[in-house]
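Asks: Supplied structure: data_29.cif, mmCIF, C-alpha atoms.
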```cif
data_model
loop_
_atom_site.label_atom_id
_atom_site.label_comp_id
_atom_site.auth_asym_id
_atom_site.auth_seq_id
_atom_site.Cartn_x
_atom_site.Cartn_y
_atom_site.Cartn_z
CA MET A 1 47.84 101.77 102.84
CA GLY A 2 51.17 102.12 104.60
CA VAL A 3 52.29 104.95 106.80
CA GLU A 4 51.27 108.31 105.39
CA ASN A 5 53.97 110.65 104.21
CA SER A 6 53.92 114.15 105.59
CA SER A 7 55.12 117.21 103.74
CA LEU A 8 57.21 119.63 105.74
CA ALA A 9 57.16 123.09 104.16
CA VAL A 10 60.46 124.95 104.06
CA GLY A 11 59.50 128.63 103.91
CA LEU A 12 61.42 131.72 102.83
CA GLY A 13 64.74 131.89 104.65
CA GLU A 14 64.27 128.57 106.42
CA ILE A 15 66.17 125.30 106.83
CA LYS A 16 64.45 122.02 107.67
CA ILE A 17 66.34 118.90 108.66
CA SER A 18 64.71 115.51 109.16
CA ARG A 19 65.55 111.87 109.87
CA LEU A 20 61.94 110.70 109.70
CA PRO A 21 61.51 108.42 106.66
CA THR A 22 57.90 109.54 106.26
CA ASP A 23 58.88 113.19 105.89
CA ILE A 24 59.11 115.03 102.59
CA LEU A 25 60.86 118.38 102.79
CA VAL A 26 59.21 120.81 100.37
CA ALA A 27 60.17 124.29 99.21
CA TYR A 28 57.08 125.50 97.34
CA GLY A 29 57.25 127.92 94.44
CA LEU A 30 60.92 128.84 94.38
CA GLY A 31 61.34 131.80 92.04
CA SER A 32 64.63 133.63 92.25
CA CYS A 33 65.20 131.83 95.55
CA VAL A 34 67.51 128.83 95.62
CA GLY A 35 66.79 125.47 97.23
CA VAL A 36 69.82 123.49 98.40
CA GLY A 37 69.16 119.87 99.29
CA MET A 38 71.64 117.63 101.09
CA TYR A 39 71.26 113.95 101.94
CA ASP A 40 73.40 111.43 103.80
CA PRO A 41 72.39 107.96 102.51
CA ILE A 42 74.02 106.14 105.42
CA ALA A 43 72.70 108.24 108.32
CA HIS A 44 69.40 108.72 106.43
CA VAL A 45 69.26 112.38 107.27
CA ALA A 46 68.11 115.05 104.83
CA GLY A 47 68.14 118.85 104.89
CA LEU A 48 66.70 121.51 102.64
CA LEU A 49 67.53 125.22 102.58
CA HIS A 50 65.28 127.88 101.01
CA ALA A 51 67.59 130.89 100.59
CA VAL A 52 66.42 134.27 99.35
CA LEU A 53 69.48 136.43 98.71
CA PRO A 54 73.08 135.63 97.70
CA GLU A 55 75.28 137.04 100.45
CA HIS A 56 75.05 137.65 104.12
CA LEU A 57 76.00 141.29 104.75
CA ASN A 58 74.10 142.22 107.86
CA HIS A 59 75.30 140.33 110.92
CA GLY A 60 72.81 139.21 113.49
CA GLU A 61 70.14 138.52 110.91
CA ASN A 62 68.68 135.14 110.08
CA SER A 63 71.51 133.35 108.27
CA ALA A 64 69.26 130.91 106.41
CA LYS A 65 67.93 133.85 104.42
CA TYR A 66 71.24 133.99 102.55
CA VAL A 67 72.74 131.40 100.25
CA ASP A 68 76.28 131.54 101.65
CA THR A 69 75.56 131.42 105.39
CA GLY A 70 72.51 129.25 104.81
CA ILE A 71 74.61 126.49 103.22
CA MET A 72 77.02 126.55 106.17
CA GLU A 73 74.16 126.38 108.64
CA LEU A 74 72.60 123.52 106.66
CA VAL A 75 75.84 121.51 106.76
CA ALA A 76 76.31 122.18 110.49
CA GLY A 77 72.71 121.14 111.21
CA LEU A 78 73.09 117.90 109.24
CA GLU A 79 76.36 117.07 111.02
CA LYS A 80 74.63 117.61 114.36
CA ASN A 81 72.11 115.01 113.22
CA GLY A 82 74.72 112.38 112.45
CA ALA A 83 75.57 113.20 108.83
CA ILE A 84 79.14 112.94 107.60
CA ARG A 85 80.16 115.73 105.26
CA SER A 86 81.91 113.49 102.70
CA ARG A 87 78.80 111.32 102.32
CA LEU A 88 76.42 114.18 101.52
CA THR A 89 74.70 114.23 98.15
CA VAL A 90 74.22 117.88 97.18
CA ARG A 91 71.66 119.17 94.67
CA ILE A 92 70.40 122.68 93.96
CA ALA A 93 67.38 124.09 92.13
CA GLY A 94 65.77 127.50 91.62
CA GLY A 95 67.42 130.81 90.81
CA ALA A 96 64.98 131.70 88.04
CA HIS A 97 64.94 135.13 86.46
CA MET A 98 61.41 136.17 87.37
CA LEU A 99 61.43 139.73 86.11
CA ASN A 100 62.37 139.17 82.51
CA ALA A 101 60.40 142.09 81.05
CA PRO A 102 61.43 145.18 79.14
CA GLY A 103 62.01 148.19 81.35
CA PHE A 104 63.54 146.31 84.26
CA LYS A 105 67.26 146.28 84.87
CA GLN A 106 69.09 143.02 84.28
CA ALA A 107 71.00 143.86 87.47
CA LEU A 108 67.85 142.74 89.25
CA ASN A 109 68.57 139.17 88.21
CA ILE A 110 68.80 137.93 91.79
CA GLY A 111 68.16 134.36 90.63
CA GLU A 112 71.42 134.23 88.69
CA ARG A 113 73.30 135.77 91.61
CA ASN A 114 71.76 133.27 94.01
CA THR A 115 72.84 130.36 91.80
CA ALA A 116 76.36 131.77 91.48
CA ALA A 117 76.59 132.22 95.25
CA ALA A 118 75.47 128.62 95.82
CA LEU A 119 78.04 127.24 93.37
CA ALA A 120 80.82 129.37 94.90
CA THR A 121 79.96 128.44 98.49
CA LEU A 122 79.70 124.73 97.68
CA ALA A 123 83.01 124.83 95.82
CA ALA A 124 84.68 126.61 98.75
CA LEU A 125 83.44 123.83 101.06
CA ASN A 126 84.72 121.18 98.59
CA PHE A 127 81.30 119.78 97.77
CA ARG A 128 80.69 118.15 94.42
CA LEU A 129 77.29 118.98 92.98
CA ALA A 130 75.29 115.83 92.09
CA ALA A 131 72.63 117.67 90.09
CA GLN A 132 71.20 121.11 89.48
CA ASP A 133 68.20 122.70 87.82
CA CYS A 134 68.71 126.45 87.90
CA GLY A 135 67.87 129.53 85.85
CA GLY A 136 65.11 129.97 83.29
CA ASN A 137 62.02 132.07 83.91
CA LEU A 138 59.77 129.67 85.76
CA GLY A 139 59.21 129.02 89.42
CA ARG A 140 59.78 125.53 90.82
CA THR A 141 58.64 123.40 93.71
CA VAL A 142 61.42 121.24 95.13
CA ARG A 143 60.84 118.08 97.16
CA LEU A 144 63.38 116.04 99.10
CA TYR A 145 62.16 112.61 100.24
CA VAL A 146 63.83 111.66 103.51
CA ALA A 147 63.23 107.90 103.07
CA THR A 148 65.19 107.59 99.83
CA GLY A 149 67.00 110.88 99.30
CA ARG A 150 65.08 111.35 96.07
CA MET A 151 64.91 115.04 95.08
CA THR A 152 62.35 116.28 92.57
CA VAL A 153 61.52 119.51 90.76
CA ARG A 154 58.18 120.63 89.39
CA ALA A 155 57.45 123.79 87.40
CA MET A 156 53.96 125.22 86.88
CA GLY A 157 51.96 123.06 84.47
CA ASN A 158 54.62 120.35 84.42
CA PRO A 159 54.89 116.96 86.11
CA GLU A 160 57.23 116.31 89.02
CA ARG A 161 60.58 114.97 87.79
CA ASP A 162 63.68 113.58 89.45
CA LEU A 163 66.73 115.72 89.85
CA MET B 1 67.18 147.06 108.55
CA SER B 2 66.50 150.78 108.63
CA GLU B 3 64.63 152.61 111.34
CA ALA B 4 61.97 153.60 108.86
CA THR B 5 61.14 149.95 108.29
CA GLU B 6 60.88 149.38 112.02
CA ASN B 7 58.51 152.32 112.13
CA PHE B 8 56.08 150.60 109.81
CA ASP B 9 53.75 150.64 112.75
CA GLU B 10 50.06 150.87 113.39
CA HIS B 11 49.81 154.63 112.76
CA LEU B 12 51.60 154.26 109.48
CA ARG B 13 49.42 151.31 108.60
CA SER B 14 46.25 153.32 109.12
CA LEU B 15 47.70 156.21 107.10
CA LEU B 16 48.58 153.82 104.27
CA GLU B 17 45.23 152.10 104.60
CA VAL B 18 43.32 155.34 104.03
CA MET B 19 45.53 156.17 101.04
CA ALA B 20 45.26 152.68 99.61
CA GLN B 21 41.51 152.37 100.02
CA ASP B 22 41.07 155.62 98.18
CA GLY B 23 43.54 154.25 95.63
CA VAL B 24 41.52 151.07 95.07
CA HIS B 25 38.34 153.07 94.48
CA ARG B 26 40.19 155.19 91.94
CA ALA B 27 41.54 152.01 90.37
CA ALA B 28 37.94 150.85 89.87
CA GLU B 29 37.17 154.18 88.19
CA GLY B 30 40.10 153.68 85.85
CA PHE B 31 38.92 150.15 85.16
CA SER B 32 35.41 151.49 84.37
CA GLY B 33 36.87 153.93 81.87
CA MET B 34 38.81 151.17 80.17
CA MET B 35 35.80 148.84 80.04
CA GLY B 36 33.24 151.47 79.14
CA LYS B 37 31.10 149.84 81.82
CA LYS B 38 30.49 150.52 85.45
CA VAL B 39 33.02 148.75 87.62
CA THR B 40 32.61 148.96 91.36
CA VAL B 41 34.84 147.73 94.10
CA SER B 42 33.73 146.08 97.29
CA GLN B 43 34.99 147.58 100.54
CA PRO B 44 38.70 146.83 100.32
CA ARG B 45 40.42 145.40 103.36
CA ALA B 46 43.97 146.40 104.13
CA ARG B 47 46.32 144.56 106.40
CA LEU B 48 49.96 144.49 107.19
CA MET B 49 51.53 141.13 106.57
CA PRO B 50 55.06 139.74 106.93
CA PHE B 51 56.63 138.69 103.63
CA THR B 52 56.88 135.11 104.83
CA GLU B 53 53.09 134.83 105.12
CA LEU B 54 52.40 136.46 101.79
CA PRO B 55 52.59 133.18 99.77
CA TYR B 56 49.64 131.91 101.84
CA ALA B 57 47.46 134.96 101.11
CA LEU B 58 46.37 133.70 97.69
CA GLY B 59 45.83 130.00 98.19
CA GLY B 60 49.33 128.84 99.11
CA PRO B 61 52.81 129.14 97.59
CA GLU B 62 52.30 126.49 94.91
CA SER B 63 48.96 127.77 93.63
CA GLU B 64 49.00 129.26 90.16
CA ALA B 65 48.58 132.99 89.91
CA VAL B 66 49.09 136.03 87.74
CA GLY B 67 51.05 139.01 88.97
CA ILE B 68 51.07 142.41 87.30
CA TYR B 69 54.12 144.17 88.62
CA LEU B 70 55.21 147.80 88.52
CA GLN B 71 57.87 149.83 90.21
CA MET B 72 57.15 153.33 91.48
CA GLN B 73 59.71 155.99 90.78
CA GLY B 74 59.94 159.66 91.70
CA GLN B 75 59.65 161.32 95.10
CA MET B 76 57.85 158.20 96.18
CA SER B 77 59.48 154.88 95.31
CA GLY B 78 58.67 151.26 95.84
CA GLN B 79 56.83 148.36 94.26
CA VAL B 80 53.22 147.54 93.48
CA MET B 81 51.86 144.13 92.51
CA LEU B 82 48.34 143.34 91.41
CA ALA B 83 47.92 139.63 92.07
CA LEU B 84 45.09 137.35 90.97
CA PRO B 85 44.53 133.61 91.24
CA TYR B 86 45.11 132.06 87.78
CA THR B 87 41.47 131.07 87.22
CA LYS B 88 40.35 134.58 88.20
CA ALA B 89 42.79 136.06 85.69
CA LEU B 90 41.18 133.92 82.96
CA GLU B 91 37.75 135.24 84.03
CA LEU B 92 39.08 138.77 83.96
CA VAL B 93 40.23 138.26 80.36
CA ASP B 94 36.72 136.96 79.52
CA LEU B 95 35.30 140.12 81.05
CA LEU B 96 37.69 142.30 79.05
CA MET B 97 36.97 140.46 75.82
CA GLU B 98 33.22 140.49 76.52
CA ALA B 99 33.19 136.71 76.26
CA PRO B 100 31.18 134.32 78.44
CA THR B 101 32.98 133.16 81.58
CA GLY B 102 35.03 130.07 80.79
CA THR B 103 35.93 131.10 77.25
CA THR B 104 39.58 131.89 77.95
CA GLN B 105 41.53 128.71 78.64
CA GLN B 106 45.09 129.97 78.62
CA LEU B 107 47.10 133.16 78.62
CA GLY B 108 48.76 133.87 75.29
CA SER B 109 50.43 137.13 74.36
CA LEU B 110 47.11 138.87 73.57
CA GLU B 111 45.63 137.88 76.92
CA ARG B 112 48.79 138.88 78.75
CA SER B 113 48.82 142.28 77.11
CA ALA B 114 45.15 142.79 78.07
CA LEU B 115 46.05 141.96 81.68
CA ALA B 116 49.07 144.28 81.52
CA GLU B 117 46.71 147.04 80.45
CA VAL B 118 44.45 146.36 83.41
CA GLY B 119 47.49 146.56 85.65
CA ASN B 120 48.60 149.74 83.97
CA ILE B 121 45.26 151.48 84.33
CA THR B 122 44.35 150.32 87.81
CA THR B 123 47.78 150.90 89.31
CA SER B 124 48.11 154.32 87.63
CA PHE B 125 44.82 155.41 89.18
CA PHE B 126 45.84 153.79 92.44
CA LEU B 127 49.17 155.63 92.47
CA ASN B 128 47.59 158.93 91.42
CA ALA B 129 45.30 158.76 94.44
CA ILE B 130 48.27 158.12 96.71
CA ALA B 131 50.27 160.89 95.07
CA ALA B 132 47.36 163.30 95.55
CA SER B 133 46.91 162.49 99.21
CA SER B 134 50.62 162.52 100.03
CA GLY B 135 51.62 165.41 97.78
CA LEU B 136 54.47 163.32 96.42
CA ASP B 137 55.25 162.88 92.75
CA VAL B 138 55.26 159.28 91.49
CA ARG B 139 55.68 157.61 88.11
CA PRO B 140 54.91 153.96 87.43
CA SER B 141 57.27 151.81 85.34
CA PRO B 142 55.80 149.77 82.45
CA PRO B 143 53.99 146.70 83.81
CA ALA B 144 55.42 143.19 83.76
CA VAL B 145 52.98 140.27 83.69
CA ILE B 146 54.16 137.13 85.48
CA VAL B 147 52.26 133.85 85.33
CA ASP B 148 53.65 131.41 87.85
CA MET B 149 53.35 129.82 91.27
CA ILE B 150 52.48 132.40 93.89
CA GLY B 151 55.72 131.70 95.80
CA ALA B 152 57.77 132.59 92.73
CA ILE B 153 55.77 135.79 92.25
CA VAL B 154 56.38 136.76 95.88
CA ASP B 155 60.11 136.19 95.29
CA ILE B 156 60.17 139.21 92.98
CA ILE B 157 59.11 141.49 95.80
CA VAL B 158 61.29 139.83 98.39
CA ALA B 159 64.41 139.80 96.23
CA THR B 160 63.94 143.39 95.09
CA SER B 161 63.38 144.77 98.57
CA GLY B 162 65.94 142.43 100.12
CA GLY B 163 63.83 141.50 103.08
CA VAL B 164 62.16 138.54 104.67
CA ARG B 165 61.14 140.04 107.98
CA GLU B 166 59.72 143.24 106.60
CA LYS B 167 56.02 143.65 106.19
CA ILE B 168 54.00 144.63 103.20
CA LEU B 169 50.64 146.30 102.88
CA LEU B 170 48.12 143.85 101.45
CA ILE B 171 44.86 145.20 100.07
CA GLU B 172 42.21 142.66 99.22
CA ALA B 173 39.54 143.96 96.89
CA GLU B 174 36.77 142.60 94.74
CA PHE B 175 35.96 144.32 91.47
CA VAL B 176 32.38 143.87 90.30
CA CYS B 177 31.19 144.47 86.74
CA GLU B 178 27.74 143.52 85.50
CA GLY B 179 27.21 140.84 88.09
CA ARG B 180 30.64 139.28 87.54
CA SER B 181 33.23 139.72 90.21
CA VAL B 182 36.99 139.37 90.20
CA GLU B 183 38.91 139.23 93.46
CA ALA B 184 42.32 140.82 93.40
CA ASN B 185 45.12 141.68 95.77
CA PHE B 186 47.19 144.83 95.65
CA TRP B 187 50.54 144.51 97.35
CA MET B 188 52.18 147.80 98.12
CA ILE B 189 55.77 147.92 99.23
CA PRO B 190 57.14 151.44 99.67
CA ASP B 191 60.94 151.73 99.82
CA PRO B 192 62.38 152.54 103.27
CA ALA B 193 63.12 156.14 102.21
CA THR B 194 59.50 156.59 101.13
CA LEU B 195 58.28 155.14 104.41
CA GLU B 196 60.42 157.69 106.19
CA VAL B 197 58.75 160.47 104.22
CA PHE B 198 55.35 159.04 105.13
CA SER B 199 56.29 158.94 108.82
CA ARG B 200 57.47 162.55 108.76
CA GLN B 201 54.27 163.55 107.04
CA ARG B 202 52.34 161.95 109.84
CA LEU B 203 54.25 164.03 112.39
CA ASN B 204 53.67 167.20 110.42
CA ASP B 205 49.99 166.43 110.39
CA GLY B 206 50.24 166.45 114.16
CA ARG B 207 48.71 163.02 114.43
#
```
Can the structure in the file be given as structure tokens, please?
Replies:
Amino acid sequence: MGVENSSLAVGLGEIKISRLPTDILVAYGLGSCVGVGMYDPIAHVAGLLHAVLPEHLNHGENSAKYVDTGIMELVAGLEKNGAIRSRLTVRIAGGAHMLNAPGFKQALNIGERNTAAALATLAALNFRLAAQDCGGNLGRTVRLYVATGRMTVRAMGNPERDL
Amino acid sequence: MSEATENFDEHLRSLLEVMAQDGVHRAAEGFSGMMGKKVTVSQPRARLMPFTELPYALGGPESEAVGIYLQMQGQMSGQVMLALPYTKALELVDLLMEAPTGTTQQLGSLERSALAEVGNITTSFFLNAIAASSGLDVRPSPPAVIVDMIGAIVDIIVATSGGVREKILLIEAEFVCEGRSVEANFWMIPDPATLEVFSRQRLNDGR
């Protein structure tokens, strides 16, 4: 056996950045939350954001909780670790509509709003999206492998697949 | 973050705990009525938990679970979730269908509607107990049944209440019927305005 990989959980409203090839950044069970993964293949640095709500309204609060400020913080953190913005591969996953039942307002579709906020923020920062797996009604676990930059998505009862 | 949320302190926790424990016992009564069999509940434990730790309460964020979700409306508003590990939900369906444990292998629409009914009955009794002790009127919305990873189920609560730092009241209970037991969690998340009412009530009580 070679060196063991270690999974680094990225919790609600968190950002994890790593340059350790054995690390796997994992956002478990993303529902309406959005996971934004960025990877610099030259500097071998990866970062994953697990954002909860679309826009940052309340200053002074944890910025990684929000899609818009979270993406900016993710980019800044990667740059601090040697990443170059133009080299970053950007992928997003999550934003499911979890409360798709009669009697609940469609306005509560936070997942769709989170996805829209991610696309808008990335476009404003001139990022091109390499891949996305957003929407639907199922939660997802997202993994970003620091060694290769491979990003995968797995829904309940399904195998892990590359994004 | 509102002041009421900040005030979700120990006194409030104990007030909510008393209400919720009574609520869980009433939920068991409702469950008994539905089953036509005696259902008892083990001494429920209540604790206050930050949202961020909630995914770890039922076996970790990726573990498969069933959530039965309702919103409270009226003078008291907020959210209630009855959460069960997936395998326990299958056993609960067996219990409801009077089938041997292990019969139910997956949750189709019939099984989901049976679980929704359990959520409906238990949470209605639960909320009635809380309404009675607080003197506040409350109506539950129709239940939604969600089968997914626990993290995704928690997202519903977090996204609806808009918080990550806020805490929720977690009540762990075990329902026992004819020697079979089903562990379940009730998550109760009153809206900030409702918390404020609860805090005022505490002052009026002179506690």
Asks: Record the distance separating atom CA of Gln73 of chain B and atom CA of Asn120 of chain B, expressed in Å with one decimal.
Replies: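 Going from atom CA of Gln73 of chain B over to atom CA of Asn120 of chain B covers 14.5 Å.
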Asks: If we count all atoms listed in the file, what is near Arg143 of chain A at a cut-off of 10 Å, once residues fewer than 5 positions away on the same chain are taken out, given as a PDB file with C-alpha atoms, in the coordinates of the input?
Replies:
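This went into out_6.pdb:
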```
ATOM      1  CA  SER A   7      55.120 117.210 103.740  1.00  0.00           C
ATOM      2  CA  LEU A   8      57.210 119.630 105.740  1.00  0.00           C
ATOM      3  CA  ALA A   9      57.160 123.090 104.160  1.00  0.00           C
ATOM      4  CA  VAL A  10      60.460 124.950 104.060  1.00  0.00           C
ATOM      5  CA  ILE A  24      59.110 115.030 102.590  1.00  0.00           C
ATOM      6  CA  LEU A  25      60.860 118.380 102.790  1.00  0.00           C
ATOM      7  CA  VAL A  26      59.210 120.810 100.370  1.00  0.00           C
ATOM      8  CA  ALA A  27      60.170 124.290  99.210  1.00  0.00           C
ATOM      9  CA  TYR A  28      57.080 125.500  97.340  1.00  0.00           C
ATOM     10  CA  GLY A  35      66.790 125.470  97.230  1.00  0.00           C
ATOM     11  CA  GLY A  37      69.160 119.870  99.290  1.00  0.00           C
ATOM     12  CA  LEU A  48      66.700 121.510 102.640  1.00  0.00           C
ATOM     13  CA  GLY A 149      67.000 110.880  99.300  1.00  0.00           C
ATOM     14  CA  ARG A 150      65.080 111.350  96.070  1.00  0.00           C
ATOM     15  CA  MET A 151      64.910 115.040  95.080  1.00  0.00           C
ATOM     16  CA  THR A 152      62.350 116.280  92.570  1.00  0.00           C
ATOM     17  CA  VAL A 153      61.520 119.510  90.760  1.00  0.00           C
ATOM     18  CA  ARG A 154      58.180 120.630  89.390  1.00  0.00           C
ATOM     19  CA  GLU A 160      57.230 116.310  89.020  1.00  0.00           C
ATOM     20  CA  ARG A 161      60.580 114.970  87.790  1.00  0.00           C
ATOM     21  CA  ASP A 162      63.680 113.580  89.450  1.00  0.00           C
ATOM     22  CA  LEU A 163      66.730 115.720  89.850  1.00  0.00           C
TER      23      LEU A 163
END
```
Asks: With all atoms listed in the file as the basis for distance, which of A:Gly111, A:Pro21, A:Gly139, A:Pro159 is at the shortest distance from chain B?
Replies: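 Closest residue, counting all atoms listed in the file: A:Gly139.
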Asks: List the residues matched by the PyMOL selection byres ((chain A) within 9 of (chain B)) in the displayed structure as number ranges by chain, ordered by chain and then by residue number.
Replies: A: 11-13, 27-33, 52-53, 58, 65, 96, 98-104, 108, 110-111, 138-141, 155-157
Asks: With the PyMOL selection byres ((chain B and resi 172) around 12) as the selection, what would be picked from this file? Answer as a PyMOL selection string, please.
Replies: chain B and resi 17+20-21+24+41-49+57-58+81-84+169-171+173-175+182-188
Asks: Using the chain letters and numbers from the file, which residues does the PyMOL selection byres ((chain A and resi 80) around 12) grab, as a list in words?
Replies: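 Here the PyMOL selection byres ((chain A and resi 80) around 12) matches Ile17, Ser18, Arg19, Ala43, Val45, Ala46, Gly47, Glu73, Leu74, Val75, Ala76, Gly77, Leu78, Glu79, Asn81, Gly82, Ala83, Ile84 and Arg85 of chain A.
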Asks: Quick check, in Å to one decimal: how far apart do atom CA of Val142 of chain A and atom CA of Val80 of chain B lie?
Replies: 27.6 Å
Asks: Could you check how far atom CA of Met97 of chain B sits from atom CA of Phe31 of chain B, in Å to one decimal?
Replies: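 The value is 13.6 Å.
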Asks: What would the list of residues within 9 Å of (83.7, 130.2, 106.2) (file frame) look like as a ChimeraX atom specification, if all atoms listed in the file are what count?
Replies: /A:68-69,72,121,124-125
